[in-house]
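Peer 1: Quick one: structure below, then a few questions.
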Amino acid sequence: MHIDRLERYWIIAVGVVFGIFAAAIIASVVVFGVHLPSPVGRIDPAKIAESEFAHPGLTQDSDHAYTLHLVAKMWRFDVGSKEPQPTIKLPVGSKLTIIATSLDVTHGFYIEQHDVNMMLLPGQISEVVVTFNKPGVYHIICHEYCGPGHQAMVASIEIS
Amino acid sequence: MQQIKPQNNAAELTFPKIGLLSSEQWIVGSHVLTGLLALLIGIFLGPFQVFRRAPALKWAIPVFSYYYQALTVHGVMNALFFTTFFIVGFSYFTVIRSLKRQMWSTKLVWIAYASMLIGLLLVVYALVTNQANVLYTFYPSLIAHPAFYLGLVLLIVGTWIVTANLFLTYYQWRKENPQEHLPLAVFATLTNFVLWCVASLGVAIEVLFMLLPLSLGLITHTDPQAGRALFWFFGHPLVYFWLLPAYTSWYAMLPKQANSKIFSDPLARVAFILLMIFSIPVGVHHMFTDPGVSEVMKGIQTVFTFVVAIPSLLTAFNVGSMLERAGRNRGAKGLFDWMWKQDWKNPVIAAQISAMLLFITGGITGIMNASLTLNIALHNTSWIPAHFHQTLGGAVTLTFMGICYWLIPMIRGRALYSVKIALWQVHTWSIGMMIFGYSYGAAGLLGVPRRTDLGAAPYINADAVPYLNLSIASGVLLLISAILFFVNVFGTLMLSKQPLTEEAPIDTYVETKSPLWMEKWGLWLSIVAILCVIAWAPVFMEVVDFTHGFQIPGYNPNGGLYKP
């Protein structure tokens, strides 16, 4: 099959560009340690009361390390408080491990300005680690449609 | 139809038998117009979502408390029904004209049409009665009325019948013409329906074995992670199913319309083969943030996604050179002036070139979305609708509109109602989509979520407000553009008095000899099957809970547990 000279150069250029893109992605994982959510375990939502999610909320592990257990449900993030749109307060420099799941339908979990982005599915546990270096109030937003109350499903993290 | 003037290659292009024309007219017309009817329902709900999401205008849309219902209608009608009906009608036209023969079975044509039409009616019923607010991705464990799923099944079954009919027509032709070179447009159509059939297996399994039985009350539980995997097995090739007919028009029809020649016919076929093969093992790039799929599989499908971008870049070169030749024919001398020395006064050409321009940003943003770790910054933000309104809303829909500007006159047998309106429509559409892409892309980077009734949300990042307000301009432009489009469609059907002037831009011959091995469909299917096993079998091993099965009950999208 005949391939024109110019077209051959084009194909090679395309190959090189995608090689560079692939190298950048590998670097982002290997060098900069960016990771995507990956399987950490399953949970039957009917048995949530007997699990680590029985009492969602914040626990302090060490000086600057915290763990947050969170249950997403139609249409709020349950972090152990009664408020519909709770606020979690943490000092600057906190390293927060978030362990989350959904009680009912598919929800989203997104923290503004912190590259935290994951799906919360009933039956699956999602986990992410994030460090807060700048004071401010950051919304946790449910970014997957979950019913008519979806747009009100928000919590905040206050870093001071 | 009888007034078609003989074209460049006269003997090849005139249609032989008058008796066929009426049936062709009906076959193509019914599918294309049903598709446009679905578009008519879906398209006008788009701008109002933009208005509702913009802080400066949200108060103006108080009746729009049906945000998610409207969003579902917008997605399902535009992305599933408009595209499918239009593509089937366009594919029939391409095959009938290029192979100069009737479909293998006209009866099957109408059986498939009836199946798809009943599907459309069932889905419209479920949507209008507010019983299927599950968006066009219908992720479990939100469960819609059974009519919604039944309608989708009928739509898909209809397309399977269409595929069988297309292939039987092709085999019949091939048997009679064992040495003839298959016209590129038909080759492209066949690759498109192969990829569609393989892809639709995923969603068929999801709907038939998970969603429909749950919706009917035959089973009580489901698995959202497995459902998402099955959906995206289908969902990404689905976007190629929309795109390939646009490519078909750019490769096989635009050269005729722009008075140019395709640069390389064999490489066009290579591009279609690559698109058919590599559009399947890439769907996990929609699930990069899902907890149930390992990073290894996400990485593997990133690589495949990069591979499937290559045929699109081959297309950029091939179609670009074709346009350069068209520009030079019109007197372009410089390095770049061929780009604007095109026939911008012809809406068919203007629409397709504008579509290509939109596809440049659509393609680049798509590569960003698929770039594994970069996806964390983009997933489910308004960046994503910005992206697919450049690709589906831009490249595909604007090309389809351009096709309508010669196909609807051909169906009606009258000239286009107004070339001027068509040109205004094309330019308002492309500028509208660019503004939409820019404003929603920027807002998405600032954390504005997609698929959210922001008008009622208690949070809006102040930095994003100007961008959301800017998007109002895109809503206004696209609303005007949509009205202009349908004025022209109805005008051509009802008011146009002028005789037909445009000819069908159909190839019945191939100048460049393309190797016959490209038609080894069995080989391509085997490669697709092998790649599916490599890319998808491990994903399904991860997401399916083999010890417990389904554990998650269904929920009503309006709140509470789902009751059949």
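Naming works like this for the structure tokens: A, B, ... for the chains as they're shown, residue 1 at the start of each chain, ligands 1 onward in shown order.
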Write down as a PyMOL selection string the residues belonging to stretch 2-70 of chain A that are assigned helix (DSSP H, G or I) by DSSP computed on the backbone.

Peer 2: chain A and resi 5-30+45-50

Peer 1: Using only C-alpha atoms, find which residues of chain A lie within 7 Å of chain B and jot them down as a PDB file with C-alpha atoms, in the first residue's frame.

Peer 2:
ATOM      1  CA  PHE A  18       1.696  10.591  21.613  1.00  0.00           C
ATOM      2  CA  ILE A  25       1.489  10.469  32.120  1.00  0.00           C
ATOM      3  CA  SER A  28       2.896  11.988  36.672  1.00  0.00           C
ATOM      4  CA  VAL A  34      -0.480  11.127  41.329  1.00  0.00           C
ATOM      5  CA  HIS A  35      -2.806   8.193  41.801  1.00  0.00           C
ATOM      6  CA  LEU A  36      -6.327   7.393  40.773  1.00  0.00           C
ATOM      7  CA  PRO A  37      -8.924   5.757  42.990  1.00  0.00           C
ATOM      8  CA  SER A  38      -8.484   2.001  42.873  1.00  0.00           C
ATOM      9  CA  PRO A  39     -10.135  -0.957  44.595  1.00  0.00           C
ATOM     10  CA  ASP A  44     -22.896  -4.246  51.573  1.00  0.00           C
ATOM     11  CA  VAL A 105     -27.128   5.521  44.544  1.00  0.00           C
ATOM     12  CA  GLU A 112     -12.393  22.333  45.138  1.00  0.00           C
ATOM     13  CA  ASP A 115      -7.528  17.499  42.715  1.00  0.00           C
ATOM     14  CA  VAL A 116      -9.696  15.175  44.734  1.00  0.00           C
ATOM     15  CA  ASN A 117     -12.155  13.585  42.362  1.00  0.00           C
ATOM     16  CA  MET A 118     -13.789  10.220  42.823  1.00  0.00           C
ATOM     17  CA  MET A 119     -17.032   8.357  42.429  1.00  0.00           C
ATOM     18  CA  LEU A 121     -20.798   3.855  44.536  1.00  0.00           C
ATOM     19  CA  PRO A 122     -23.000   1.737  46.768  1.00  0.00           C
ATOM     20  CA  GLY A 123     -21.161  -1.517  47.304  1.00  0.00           C
ATOM     21  CA  GLN A 124     -17.696  -0.021  46.818  1.00  0.00           C
ATOM     22  CA  ILE A 125     -15.314   1.777  49.192  1.00  0.00           C
ATOM     23  CA  SER A 126     -13.401   4.769  47.814  1.00  0.00           C
ATOM     24  CA  HIS A 143     -20.677  15.953  41.061  1.00  0.00           C
ATOM     25  CA  GLU A 144     -22.721  12.981  39.939  1.00  0.00           C
ATOM     26  CA  TYR A 145     -26.463  13.311  39.461  1.00  0.00           C
ATOM     27  CA  GLY A 147     -31.830  12.715  42.183  1.00  0.00           C
ATOM     28  CA  PRO A 148     -33.762  15.972  42.602  1.00  0.00           C
ATOM     29  CA  HIS A 150     -28.423  16.601  43.994  1.00  0.00           C
ATOM     30  CA  GLN A 151     -27.543  20.307  43.737  1.00  0.00           C
ATOM     31  CA  ALA A 152     -27.865  20.722  47.520  1.00  0.00           C
TER      32      ALA A 152
END

Peer 1: Report as an MDAnalysis selection string all protein, DNA and RNA residues lying within 12 Å of B:Ala60, evaluated on only C-alpha atoms, omitting residues in the same chain fewer than 3 positions from it.

Peer 2: chainID B and resid 48:57 63:65 455 472

Peer 1: When you look at A:Glu158 with a cut-off of 6 Å (counting only C-alpha atoms), what residues show up, excluding the ones that are within fewer than 6 positions of it in the same chain? I need them as a PyMOL selection string.

Peer 2: chain A and resi 88-89+136-137

Peer 1: Using N, CA and C atoms, can you export the residues from the last selection as an mmCIF file, in the first residue's frame?

Peer 2:
data_model
loop_
_atom_site.group_PDB
_atom_site.id
_atom_site.type_symbol
_atom_site.label_atom_id
_atom_site.label_comp_id
_atom_site.auth_asym_id
_atom_site.auth_seq_id
_atom_site.Cartn_x
_atom_site.Cartn_y
_atom_site.Cartn_z
ATOM 1 N N ILE A 88 -16.207 20.630 58.069
ATOM 2 C CA ILE A 88 -15.142 19.934 58.782
ATOM 3 C C ILE A 88 -14.007 20.922 58.974
ATOM 4 N N LYS A 89 -13.546 21.095 60.241
ATOM 5 C CA LYS A 89 -12.496 22.083 60.503
ATOM 6 C C LYS A 89 -11.170 21.386 60.751
ATOM 7 N N GLY A 136 -8.446 28.341 54.083
ATOM 8 C CA GLY A 136 -9.583 28.701 53.245
ATOM 9 C C GLY A 136 -10.730 27.742 53.471
ATOM 10 N N VAL A 137 -11.830 27.999 52.806
ATOM 11 C CA VAL A 137 -12.985 27.098 52.876
ATOM 12 C C VAL A 137 -13.154 26.446 51.511
#

Peer 1: Env of B:Met410: 12 Å cut, atoms = only C-alpha atoms, seq-sep filter 3 positions within chain, self excluded. Answer as a ChimeraX atom specification.

Peer 2: /B:1-4,21-22,24-26,28-29,32,90,93,403-407,413-416,489,492-493,499-505

Peer 1: Can you list, as a PDB file with N, CA and C atoms, in the first residue's frame, every protein, DNA or RNA residue that comes within 10 Å of A:Ser94 when you count only C-alpha atoms, leaving out same-chain residues fewer than 6 positions away?

Peer 2:
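Just written: part.pdb:
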ATOM      1  N   ASP A  63      -0.237  13.781  64.861  1.00  0.00           N
ATOM      2  CA  ASP A  63      -0.181  15.229  64.941  1.00  0.00           C
ATOM      3  C   ASP A  63      -0.963  15.932  63.836  1.00  0.00           C
ATOM      4  N   HIS A  64      -0.597  15.636  62.596  1.00  0.00           N
ATOM      5  CA  HIS A  64      -1.241  16.321  61.488  1.00  0.00           C
ATOM      6  C   HIS A  64      -1.989  15.373  60.565  1.00  0.00           C
ATOM      7  N   ALA A  65      -2.203  14.161  61.024  1.00  0.00           N
ATOM      8  CA  ALA A  65      -2.861  13.164  60.181  1.00  0.00           C
ATOM      9  C   ALA A  65      -4.255  12.857  60.719  1.00  0.00           C
ATOM     10  N   TYR A  66      -5.240  12.934  59.844  1.00  0.00           N
ATOM     11  CA  TYR A  66      -6.629  12.680  60.218  1.00  0.00           C
ATOM     12  C   TYR A  66      -7.233  11.659  59.265  1.00  0.00           C
ATOM     13  N   VAL A 130      -5.350  13.480  50.981  1.00  0.00           N
ATOM     14  CA  VAL A 130      -5.151  14.845  50.503  1.00  0.00           C
ATOM     15  C   VAL A 130      -4.534  15.683  51.617  1.00  0.00           C
ATOM     16  N   THR A 131      -3.637  16.565  51.248  1.00  0.00           N
ATOM     17  CA  THR A 131      -3.003  17.464  52.214  1.00  0.00           C
ATOM     18  C   THR A 131      -3.468  18.890  51.949  1.00  0.00           C
ATOM     19  N   PHE A 132      -3.854  19.589  53.026  1.00  0.00           N
ATOM     20  CA  PHE A 132      -4.340  20.967  52.876  1.00  0.00           C
ATOM     21  C   PHE A 132      -3.256  21.938  53.340  1.00  0.00           C
ATOM     22  N   ASN A 133      -2.666  22.666  52.412  1.00  0.00           N
ATOM     23  CA  ASN A 133      -1.557  23.560  52.750  1.00  0.00           C
ATOM     24  C   ASN A 133      -1.954  25.026  52.804  1.00  0.00           C
ATOM     25  N   LYS A 134      -3.160  25.335  52.312  1.00  0.00           N
ATOM     26  CA  LYS A 134      -3.560  26.742  52.253  1.00  0.00           C
ATOM     27  C   LYS A 134      -4.833  26.946  53.053  1.00  0.00           C
ATOM     28  N   ILE A 159     -10.068  25.215  56.493  1.00  0.00           N
ATOM     29  CA  ILE A 159      -8.658  25.083  56.883  1.00  0.00           C
ATOM     30  C   ILE A 159      -8.213  26.407  57.500  1.00  0.00           C
TER      31      ILE A 159
END

Peer 1: Closest to A:Val71 among A:Asp104, A:Glu50, A:Glu83, A:Asp4, using only C-alpha atoms?

Peer 2: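 Nearest candidate to A:Val71 out of A:Asp104, A:Glu50, A:Glu83, A:Asp4: A:Asp104.
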
Peer 1: With a distance cut-off of 8 Å and only C-alpha atoms, select the neighbouring residues of B:Ala482, excluding the residue or stretch itself and same-chain residues fewer than 6 positions from it, and output the selection as a tab-separated table (two decimals) with C-alpha atoms, in the first residue's frame.

Peer 2:
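And here is the file that came out, result.tsv:
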chain	number	residue	atom	x	y	z
B	43	ILE	CA	-32.37	20.62	21.14
B	44	PHE	CA	-34.50	23.41	22.59
B	425	GLN	CA	-27.49	28.94	11.08
B	429	TRP	CA	-23.98	27.38	15.66

Peer 1: Given only C-alpha atoms as the basis, pick out the residue of A:Met153, A:Val79, A:Ile99, A:Val17 nearest to A:Leu58.

Peer 2: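 Result for the nearest residue to A:Leu58: A:Val79.
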
Peer 1: Smallest atom-to-atom distance to B:Tyr438: which of B:Phe485, B:Phe490, B:Trp524, B:Trp383, using only C-alpha atoms?

Peer 2: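 Nearest to B:Tyr438: B:Trp383.
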